[in-house]
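*Asks:* Attaching a single structure in C-alpha cells format; questions to follow.
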Amino acid sequence: ELNPGDIPTALTVITPRSIPGENNPDLRNISGIVPNFYMQEGGLKLSTPLYIRGIGTVSGTPPVGLYVDGVPVFDKNAFVFDLYDIRQIEVLRGPQTTLYGRNSINGLININTNPPSDVFAAQVKIGYSSYRSQNYNLVLNLPWKRLYNKLSFSYNKSEGYFKNHYEQDRKSNPSDSYNIRYQGNVFTKNNWKIGFGINFNHSFDGGYAYAAIDSLKVHRYTVNYNIPSSYKRDLLSSYLNLKKKWQRLAFNTVTSYSRTQDRQMLDADFTYLDVFDNGKKSRQNLLTQEFNIQSNENRHVDWTAGAFGFYKDLTNRYLATFGEDKAYLLPMALDNAKYHNNTVTWGIAGYGQVTLKEIWPGMSLTAGLRYDYEKSELNYRDSLLFSGQQQYTSYHDSKEDKGFKTWLPKFSLLQRWNDNLSLYLSVSKGYKAGGYNTQMFSDVLQQRIQAFMGMSSLYRLADIVSYEPERSFNYELGFHAQPLESGELSIDGALFFIDCRNQQLTRFPAGNTTGRMMTNAGRTRSMGAEISTTWQPASDIRITASYGHTDATFRRYNDGRAEYRGKHLPYAPLNTLFGEIHYRATPLTFAGITPSVQASVR
C-alpha cells in the first residue's frame with residue numbers, strides 16, 4: 001500500500017467514502033477535496049478545463065496525467081466518466097514527468113478500481129433524485145478456479161434542468177450514459193499474474209447552458225437553441241497486464257488499446273436567431289505499451305527502469321452552417337464551410353529512478369531521469385461553399401510535421417522521523433510536448449474570409465496551426481505528519497514555486513466569437529501553499545479540511561504586450577477551500593442484506 005510519508009511530493013488519497021452521497025460522481029466532484037486542484041463544471045465532457053497549482057488549459061493536452069488501473073488516458077475529453085466500484089484515487093501534485101512522461105507536467109491522477117475477488121459476490125445500487133435523475137450500479141464477482149472474473153454496469157440519466165426558450169417543452173441539457181466493464185485476473189502456477197479487461201462507455205449530453213449576457217443591464221437571457229445541440233461519445237478501451245515478483249525483482253508490462261468516437265452539434269451563436277451552427281465528428285485510435293522492472297524488498301536501494309511507447313491516430317471533421325441571419329456575423333454570402341484534419345502522433349521514452357535509503361537515519365535521496373521523443377504529423381484541408389455555388393471551393397490542403405525531444409531530471413530529499421513526521425524537498429522539470437490546433441476551424445476560416453475580401457491576415461497560418469512545447473522548473477518544500485500515535489490524525493502541507501516557459505494556453509481571438517486556439521504564452525510563474533488534514537476520532541466519523549492558495553501570473557507574454565505582465569492567468573483559481581464532516585451508520589442486517597446510511601456536511 002502507498003504510504004504518503006515515504007512520498008516526496010504533495011499527495012491526496014481519496015477513498016470511496018470521501019465522495020459519498022453523489023448521484024453521479026466523476027473527477028469534477030473531487031475538485032474541492034484536493035487543494036489547488038480545479039476541474040471546472042462546463043456542462044460538457046468535451047470541454048472540461050483542468051488546473052493544478054494555476055497551470056492548466058481550457059482545451060488541448062491536459063496538464064495532469066490520468067491512469068486507470070495502470071492504463072494511461074491521454075485526452076481530456078475522456079477524463080469525465082462515472083466513478084463507481086473505486087478502491088482508491090491518488091492525486092499527486094507537481095511534475096510526475098520523470099516516471100509518467102506525457103501529460104503529467106503538473107500532476108498525476110491514479111485511479112484504482114476494486115480488483116476481481118476470489119469470492120462470489122454481488123452489489124447493487126439504485127439512486128433517484130430531482131429532475132428525474134436516476135443512477136443504477138451492478139457489480140458481480142464471478143470466480144472460477146484460477147480465473148477471477150468481475151462484471152460491472154453503471155447507468156445514469158437526467159432530464160436536465162435548463163429550459164430552452166426556443167422550445168419551451170424541451171430542456172437544453174438532458175443526459176444519458178452507461179458503462180459496461182469486464183475485468184479478469186489469472187494467477188498461474190509459476191507466480192505470474194495476468195490481468196486483462198475491456199470497457200465500453202457511452203454518453204449523451206444535451207447542449208450546455210450558454211446564454212447571452214447584457215453587461216449594461218445585468219440581465220441574463222434564457223437559453224435559445226434553435227437547432228438540437230448535443231455531444232455524444234463512445235469510448236472502447238482494453239488492456240493486458242503481466243506481472244511477476246521474484247525475491248529481489250519485480251516485472252510489469254501493460255499493453256492497452258482504446259478507440260474513441262464522438263460527435264458534437266452546437267447552435268454556436270446561442271440565440272434564437274439562425275446565425276451559425278457547428279458540427280464536429282472525431283475518431284481516435286490509441287495504442288500504448290510500457291515495460292517496467294524494479295527492485296523488490298531492498299533495504300538500502302530502491303530503483304526502477306522502464307520504457308514506454310504510444311501511437312495515436314486522430315481524425316476531426318467540422319461542418320459550419322451559416323443560416324438566414326448570418327449577416328449578423330459575416331460580411332459575405334457564405335453558406336457552409338468544411339474543415340478536415342488528421343493527426344498521427346507517436347512517441348518513445350526511456351526512464352530510470354534510484355532512491356538511496358538511510359544515508360543517515362531517516363534520510364533518503366531520489367534521483368530520476370527520462371528521455372522523451374515524440375513525432376506529430378498533421379494533414380489538413382478546408383473549403384467554403386458560397387451562396388449560389390454548386391460545389392465547395394478548396395482553399396487549403398497542406399501537411400505539417402514536427403518532432404519534440406527532451407531530458408527530464410528529478411531530485412528529492414526526504415527526512416523521516418519515526419512514522420509520525422517526514423519533511424521533503426524536491427526539484428524537477430516538467431514538460432508537455434507541442435502539437436497542432438485540431439479545433440482551430442474558425443481561425444482558418446477567418447484567414448479564408450480575409451483573403452477572399454482582399455484584407456491582410458491577422459495571423460500567419462503556420463502560427464495558427466502549431467504550438468510549441470511547454471517546459472517548467474518546479475521547486476517544492478513539504479511535509480507529511482501523523483502527530484497522534486494512533487494515526488487517526490494526518491496533516492499534509494507544501495510550499496511550491498513553478499517557473500513555466502512557453503505555457504500552453506487557450507486563446508479566444510479578438511473579434512472572433514466562433515472558435516478558440518492553443519497558443520504559447522511566453523513565461524509565467526506560479527507560487528503558493530496548500531494544507532490538508534483528516535481526523536477520524538471514531539470508526540464511523542471522519543472530519544476533513546483542505547485549503548490551497550495559488551498566485552499564478554504572467555512574467556512575459558509572447559507578443560510583448562506589457563499590460564499582461566503581473567496579470568493573473570485566466571481561469572486559474574486563487575484559493576480553494578474544502579471542509580466535510582462525514583458520518584456512517586450500519587443498521588441491523590435484515591434477510592441477509594446489510595444496508596448502510598451515510599450523511600455528510602460540507
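Simple scheme: letters A, B, ... for chains in C-alpha cells order, numbers from 1 for residues in each chain, numbers from 1 for ligands in the order shown.
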Taking the chain letters and numbering used in this document, name the residues of segment 1-179 of chain A that DSSP puts in alpha helix (DSSP H), as a list in words.
*Replies:* Thr97, Thr98, Leu99 and Tyr100 of chain A
*Asks:* Keeping N, CA and C atoms, export the residues of the selection given above as a PDB file, in the first residue's frame.
*Replies:*
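Output contents, as saved in again_32.pdb:
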```
ATOM      1  N   THR A  97       6.651  13.844 -14.563  1.00  0.00           N
ATOM      2  CA  THR A  97       7.075  13.503 -15.925  1.00  0.00           C
ATOM      3  C   THR A  97       8.229  12.515 -15.964  1.00  0.00           C
ATOM      4  N   THR A  98       9.047  12.424 -14.925  1.00  0.00           N
ATOM      5  CA  THR A  98      10.184  11.500 -14.970  1.00  0.00           C
ATOM      6  C   THR A  98       9.713  10.058 -15.103  1.00  0.00           C
ATOM      7  N   LEU A  99       8.688   9.677 -14.357  1.00  0.00           N
ATOM      8  CA  LEU A  99       8.180   8.311 -14.439  1.00  0.00           C
ATOM      9  C   LEU A  99       7.000   8.170 -15.401  1.00  0.00           C
ATOM     10  N   TYR A 100       6.206   9.236 -15.545  1.00  0.00           N
ATOM     11  CA  TYR A 100       4.961   9.102 -16.298  1.00  0.00           C
ATOM     12  C   TYR A 100       4.937   9.915 -17.581  1.00  0.00           C
TER      13      TYR A 100
END
```
*Asks:* Could you tell me how far atom CA of Phe554 of chain A lies from atom CA of Leu11 of chain A, in Å and to one decimal?
*Replies:*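 Interatomic distance here is 26.8 Å.
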*Asks:* Segment 246-261 of chain A: which residues within 7 Å, counting only C-alpha atoms, same-chain residues fewer than 6 positions away excluded, as a list in words?
*Replies:*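 Near neighbours after the sequence-gap exclusion: Val71, Arg233, Asp234, Leu235, Leu236, Ser237, Ser238, Tyr239, Leu240, Ser282, Arg283, Gln284, Asn285, Leu286, Leu287, Thr288, Gln289, Glu290, Phe291, Asn292, Ile293, Gln294, Ser295, Asn296, Glu297 and Asn298 of chain A.
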*Asks:* Expressed in Å to a single decimal, how great is the separation between atom CA of Ser398 of chain A and atom CA of Leu329 of chain A?
*Replies:*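 Atom-to-atom, atom CA of Ser398 of chain A to atom CA of Leu329 of chain A, that is 27.5 Å.
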*Asks:* Just the residues within 12 Å of Ser130 of chain A, please, counting only C-alpha atoms, with nothing from its chain fewer than 6 positions along; format it as a list in words.
*Replies:*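 In the requested format, the answer is Asn23, Lys157, Ser158, Glu159, Gly160 and Tyr161 of chain A.
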